[in-house]
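A quick write-up on the structure given underneath.
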Amino acid sequence: MSNPQPLEEEAYDMSGARVALTLCVTKAREGSEADLVALERMFQQLGFESTMKRDPTAQEFEEELEKFQQAIDAREDFVSCAFVVLMAHGLEGHLEGEDEQMVKLENLFTILNNKNCEALRAKPKVYIVQACRGENRDPGETLGGEDNIAMVTQENDQTIPTYTDTLHVYSTVEGYISYRHDKEGSYFIQTLVDVFTKTKGPILELLTEVTRRMAEAELVQEGEARKVNPEIQSTLRKRLYLQ
């Protein structure tokens, strides 16, 4: 019988500076201030240098991220990790600025990748997106061939893929709306902050707990029961611990 071995654990070095940028459209988004308060508390507890900007236009979403990238690359100290929180109305692949113009998420994500931000090369970059990704609503469900691909493996310490070391966390899955209470904030942000500040472990395990809690909850919108769960996309190469 085979004797499977446990994975060797390799974690990102989090001994350096931690930086965070939050861009939040509050216009016609009641409850967003509660999310901002919760996020600021989380970043303070986790030791992040946090910057927040309210009501960016579509163009300012890009401009603020470019300023963030330039400031990071200009630092002389070691930067361990960057968080970017994006909160706005949205459709799949786009966010709506305060000016009601749209900006492509992909344009925002490329600003800090391994090609464009040298100081964050091979460092974890976490994007948290609180926005609708469509107009579908999930009422919930009651529980009840091989590809011929050639694989080439080469170890090379001199290069790294452009899009590794990135974690995208969306408040909902593709095509579906995201929910926000007009006083208490969004269920996604509030749950994420609660898990990140009160529990320890690799970030992907923390996000699994966020997903579990959201999946078990039942939201009510206009008298109809709704279900919602986040979507997590990861190219992290190591475990990421925040505390």
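Within each chain, counting starts at residue 1; across the structure tokens, chains are named A, B, ... in the order shown, with ligands numbered 1 upward in that order.
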
Which of stretch 9-239 of chain A counts as strand (DSSP E) under DSSP, as a ChimeraX atom specification please?
/A:17-24,49-54,79-87,90-91,94-96,102-104,125-130,134-136,166-170,175-176,180-181,185-186,219-221,224-226,231-234

Just the residues within 10 Å of A:Lys115, please, counting only C-alpha atoms, with nothing from its chain fewer than 5 positions along; format it as a list in words.
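These residues fall inside the cut-off: Thr110, Leu120, Arg121, Ile160, Pro161, Thr162 and Tyr163 of chain A.
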
Mind writing the picked residues with C-alpha atoms as a CSV table (one decimal), in the first residue's frame?
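Output (selection18.csv):
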chain,number,residue,atom,x,y,z
A,110,THR,CA,-3.1,43.8,-13.2
A,120,LEU,CA,5.1,42.7,-4.2
A,121,ARG,CA,6.7,40.2,-6.5
A,160,ILE,CA,7.9,33.5,-11.5
A,161,PRO,CA,4.6,33.5,-13.3
A,162,THR,CA,3.0,37.0,-13.7
A,163,TYR,CA,-0.2,36.1,-11.9

May I ask for the distance between atom CA of A:Pro56 and atom CA of A:Ile128, given in Å to one decimal place?
16.4 Å

Which residues are near stretch 19-32 of chain A? Cut-off 6 Å, only C-alpha atoms, ignore same chain within fewer than 2 positions. Put them as a PyMOL selection string.
chain A and resi 34-35+48-55+82-88+98+181-185

Save out the residues we just selected, N, CA and C atoms, as a CSV table (one decimal), in the first residue's frame.
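Below you can see out-v1.csv, which holds the result:
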chain,number,residue,atom,x,y,z
A,34,ALA,N,-21.0,50.9,7.7
A,34,ALA,CA,-20.8,49.9,8.7
A,34,ALA,C,-19.7,48.9,8.3
A,35,ASP,N,-19.6,48.7,7.0
A,35,ASP,CA,-18.5,47.8,6.5
A,35,ASP,C,-17.2,48.5,6.6
A,48,PHE,N,-2.1,46.2,9.8
A,48,PHE,CA,-2.0,46.7,8.5
A,48,PHE,C,-2.0,48.2,8.5
A,49,GLU,N,-1.2,48.8,7.6
A,49,GLU,CA,-1.2,50.2,7.4
A,49,GLU,C,-2.4,50.4,6.4
A,50,SER,N,-3.5,51.0,6.8
A,50,SER,CA,-4.7,51.0,6.0
A,50,SER,C,-5.0,52.4,5.5
A,51,THR,N,-5.4,52.5,4.2
A,51,THR,CA,-5.8,53.7,3.6
A,51,THR,C,-7.2,53.4,3.0
A,52,MET,N,-8.1,54.4,3.2
A,52,MET,CA,-9.5,54.2,2.7
A,52,MET,C,-9.9,55.5,1.9
A,53,LYS,N,-10.6,55.3,0.8
A,53,LYS,CA,-11.1,56.4,0.0
A,53,LYS,C,-12.5,56.1,-0.3
A,54,ARG,N,-13.4,57.1,0.0
A,54,ARG,CA,-14.8,56.9,-0.3
A,54,ARG,C,-15.1,57.5,-1.6
A,55,ASP,N,-16.1,56.9,-2.3
A,55,ASP,CA,-16.7,57.4,-3.5
A,55,ASP,C,-15.8,57.8,-4.6
A,82,ALA,N,-0.2,42.7,0.7
A,82,ALA,CA,-1.1,43.8,0.4
A,82,ALA,C,-2.6,43.3,0.3
A,83,PHE,N,-3.5,44.1,0.9
A,83,PHE,CA,-4.9,43.8,0.8
A,83,PHE,C,-5.5,45.0,0.0
A,84,VAL,N,-6.4,44.6,-0.9
A,84,VAL,CA,-7.2,45.7,-1.7
A,84,VAL,C,-8.7,45.3,-1.5
A,85,VAL,N,-9.5,46.2,-1.0
A,85,VAL,CA,-10.9,46.0,-0.8
A,85,VAL,C,-11.6,46.9,-1.7
A,86,LEU,N,-12.5,46.3,-2.6
A,86,LEU,CA,-13.2,47.1,-3.6
A,86,LEU,C,-14.7,46.9,-3.3
A,87,MET,N,-15.4,48.0,-3.0
A,87,MET,CA,-16.9,47.9,-2.7
A,87,MET,C,-17.6,48.9,-3.6
A,88,ALA,N,-18.6,48.4,-4.3
A,88,ALA,CA,-19.4,49.2,-5.2
A,88,ALA,C,-20.5,48.4,-5.8
A,98,GLU,N,-18.5,56.2,-8.6
A,98,GLU,CA,-19.4,57.2,-8.1
A,98,GLU,C,-20.1,57.9,-9.2
A,181,HIS,N,-27.2,45.0,4.1
A,181,HIS,CA,-28.2,45.6,4.9
A,181,HIS,C,-28.0,47.1,5.0
A,182,ASP,N,-29.1,47.8,5.0
A,182,ASP,CA,-29.0,49.3,5.0
A,182,ASP,C,-28.4,49.9,6.3
A,183,LYS,N,-28.4,49.1,7.3
A,183,LYS,CA,-27.8,49.7,8.6
A,183,LYS,C,-26.6,48.8,9.1
A,184,GLU,N,-26.7,47.5,8.9
A,184,GLU,CA,-25.6,46.6,9.5
A,184,GLU,C,-24.5,46.3,8.5
A,185,GLY,N,-24.7,46.7,7.2
A,185,GLY,CA,-23.6,46.5,6.2
A,185,GLY,C,-23.9,45.2,5.5

Once you count only C-alpha atoms, what closest atom pair and distance in Å to one decimal does each residue of stretch 5-107 of chain A within 8 Å of stretch 194-198 of chain A have, with rows by chain and rising residue number, as a tab-separated table?
residue	atom	partner	partner_atom	distance
A:Met42	CA	A:Thr197	CA	6.1
A:Gln45	CA	A:Thr197	CA	7.1
A:Leu46	CA	A:Thr197	CA	7.5

Those same residues, written as a CSV table (one decimal), in the first residue's frame with N, CA, C and O atoms?
chain,number,residue,atom,x,y,z
A,42,MET,N,-10.6,45.6,11.6
A,42,MET,CA,-9.9,44.4,11.3
A,42,MET,C,-8.4,44.7,10.9
A,42,MET,O,-7.5,44.1,11.3
A,45,GLN,N,-6.3,45.6,13.9
A,45,GLN,CA,-6.0,44.4,14.7
A,45,GLN,C,-5.0,43.6,14.1
A,45,GLN,O,-4.1,43.0,14.8
A,46,LEU,N,-5.0,43.5,12.7
A,46,LEU,CA,-4.1,42.6,12.0
A,46,LEU,C,-2.7,43.3,11.7
A,46,LEU,O,-1.9,42.7,11.0

Nearest to A:Tyr179 among A:Leu39, A:Leu219, A:Met102, A:Leu207, with distances taken over only C-alpha atoms: which residue is it?
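Of A:Leu39, A:Leu219, A:Met102, A:Leu207, the one nearest A:Tyr179, counting only C-alpha atoms, is A:Leu219.
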
One decimal, in Å: what's the spacing between atom CA of A:Val79 and atom CA of A:Ala17?
4.5 Å

Judged by only C-alpha atoms, the minimum distance to A:Arg133 among A:Ala58, A:Leu65, A:Leu204, A:Val173 is found for A:Val173

Looking at A:Asp99, A:Gly16, A:Asn114, A:Thr166, which one is nearest to A:Glu76, with distances taken over only C-alpha atoms?
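Nearest to A:Glu76: A:Gly16.
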
Could you state the separation of atom CA of A:Glu40 and atom CA of A:Gln70 in Å, given to one decimal place?
22.3 Å

Could you pull out all residues of stretch 29-173 of chain A with a DSSP call of helix (DSSP H, G or I) and give them as an MDAnalysis selection string?
chainID A and resid 32:45 58:74 105:112 118:120

Just write the chosen residues, N, CA and C atoms, as a compact mmCIF listing (two decimals), in the first residue's frame.
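Saved to out06.txt:
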# COMPACT_ATOMS: atom_id res chain seq x y z
N SER A 32 -22.89 50.76 3.82
CA SER A 32 -21.47 50.63 3.49
C SER A 32 -20.57 51.23 4.57
N GLU A 33 -21.07 52.24 5.29
CA GLU A 33 -20.25 52.82 6.37
C GLU A 33 -20.00 51.79 7.47
N ALA A 34 -20.97 50.93 7.73
CA ALA A 34 -20.77 49.87 8.73
C ALA A 34 -19.67 48.92 8.28
N ASP A 35 -19.60 48.65 6.99
CA ASP A 35 -18.54 47.80 6.47
C ASP A 35 -17.18 48.47 6.62
N LEU A 36 -17.12 49.77 6.35
CA LEU A 36 -15.85 50.49 6.47
C LEU A 36 -15.35 50.49 7.91
N VAL A 37 -16.25 50.66 8.85
CA VAL A 37 -15.87 50.64 10.27
C VAL A 37 -15.32 49.26 10.63
N ALA A 38 -15.99 48.21 10.18
CA ALA A 38 -15.56 46.85 10.48
C ALA A 38 -14.20 46.55 9.86
N LEU A 39 -13.99 46.97 8.62
CA LEU A 39 -12.73 46.73 7.94
C LEU A 39 -11.58 47.48 8.62
N GLU A 40 -11.82 48.72 9.01
CA GLU A 40 -10.78 49.49 9.68
C GLU A 40 -10.37 48.82 10.99
N ARG A 41 -11.35 48.32 11.71
CA ARG A 41 -11.05 47.59 12.95
C ARG A 41 -10.23 46.34 12.65
N MET A 42 -10.60 45.60 11.61
CA MET A 42 -9.86 44.40 11.25
C MET A 42 -8.42 44.71 10.87
N PHE A 43 -8.24 45.71 10.01
CA PHE A 43 -6.88 46.03 9.56
C PHE A 43 -6.02 46.51 10.73
N GLN A 44 -6.60 47.26 11.64
CA GLN A 44 -5.85 47.72 12.81
C GLN A 44 -5.42 46.54 13.67
N GLN A 45 -6.35 45.61 13.89
CA GLN A 45 -6.02 44.45 14.72
C GLN A 45 -4.96 43.56 14.07
N ALA A 58 -14.99 55.91 -11.59
CA ALA A 58 -14.41 54.76 -12.29
C ALA A 58 -12.92 55.00 -12.56
N GLN A 59 -12.58 56.19 -13.02
CA GLN A 59 -11.18 56.51 -13.30
C GLN A 59 -10.36 56.53 -12.03
N GLU A 60 -10.94 57.00 -10.93
CA GLU A 60 -10.20 57.08 -9.66
C GLU A 60 -9.93 55.70 -9.07
N PHE A 61 -10.77 54.71 -9.38
CA PHE A 61 -10.45 53.34 -8.95
C PHE A 61 -9.05 52.97 -9.46
N GLU A 62 -8.81 53.21 -10.74
CA GLU A 62 -7.50 52.90 -11.32
C GLU A 62 -6.42 53.81 -10.78
N GLU A 63 -6.71 55.10 -10.69
CA GLU A 63 -5.70 56.05 -10.24
C GLU A 63 -5.27 55.78 -8.81
N GLU A 64 -6.20 55.46 -7.94
CA GLU A 64 -5.86 55.20 -6.54
C GLU A 64 -5.04 53.92 -6.41
N LEU A 65 -5.36 52.92 -7.21
CA LEU A 65 -4.57 51.69 -7.17
C LEU A 65 -3.17 51.92 -7.73
N GLU A 66 -3.05 52.74 -8.74
CA GLU A 66 -1.73 53.07 -9.29
C GLU A 66 -0.90 53.84 -8.26
N LYS A 67 -1.52 54.77 -7.53
CA LYS A 67 -0.81 55.48 -6.46
C LYS A 67 -0.36 54.50 -5.37
N PHE A 68 -1.23 53.57 -5.05
CA PHE A 68 -0.92 52.54 -4.05
C PHE A 68 0.29 51.72 -4.50
N GLN A 69 0.30 51.30 -5.76
CA GLN A 69 1.42 50.54 -6.30
C GLN A 69 2.71 51.34 -6.27
N GLN A 70 2.64 52.59 -6.67
CA GLN A 70 3.84 53.44 -6.69
C GLN A 70 4.38 53.67 -5.29
N ALA A 71 3.50 53.84 -4.32
CA ALA A 71 3.93 54.04 -2.94
C ALA A 71 4.60 52.79 -2.39
N ILE A 72 4.07 51.64 -2.75
CA ILE A 72 4.67 50.39 -2.29
C ILE A 72 6.06 50.20 -2.89
N ASP A 73 6.17 50.44 -4.19
CA ASP A 73 7.47 50.27 -4.85
C ASP A 73 8.49 51.30 -4.37
N ALA A 74 8.03 52.43 -3.88
CA ALA A 74 8.95 53.47 -3.41
C ALA A 74 9.45 53.23 -1.99
N LEU A 105 -12.63 45.12 -13.68
CA LEU A 105 -11.87 44.56 -12.57
C LEU A 105 -10.49 44.09 -13.01
N GLU A 106 -10.41 43.52 -14.21
CA GLU A 106 -9.13 43.00 -14.69
C GLU A 106 -8.10 44.12 -14.78
N ASN A 107 -8.53 45.34 -15.16
CA ASN A 107 -7.61 46.46 -15.21
C ASN A 107 -7.06 46.79 -13.83
N LEU A 108 -7.89 46.61 -12.81
CA LEU A 108 -7.45 46.88 -11.45
C LEU A 108 -6.52 45.78 -10.93
N PHE A 109 -6.85 44.55 -11.27
CA PHE A 109 -6.05 43.43 -10.76
C PHE A 109 -4.63 43.42 -11.32
N THR A 110 -4.45 43.91 -12.55
CA THR A 110 -3.12 43.83 -13.16
C THR A 110 -2.12 44.82 -12.54
N ILE A 111 -2.62 45.84 -11.85
CA ILE A 111 -1.74 46.90 -11.36
C ILE A 111 -0.72 46.38 -10.34
N LEU A 112 -1.12 45.39 -9.55
CA LEU A 112 -0.22 44.88 -8.50
C LEU A 112 0.37 43.52 -8.83
N GLU A 118 7.02 45.55 -8.39
CA GLU A 118 8.23 44.80 -8.04
C GLU A 118 8.30 44.47 -6.56
N ALA A 119 7.88 45.40 -5.70
CA ALA A 119 7.97 45.17 -4.26
C ALA A 119 7.05 44.05 -3.79
N LEU A 120 6.01 43.77 -4.56
CA LEU A 120 5.07 42.70 -4.20
C LEU A 120 5.29 41.44 -5.02
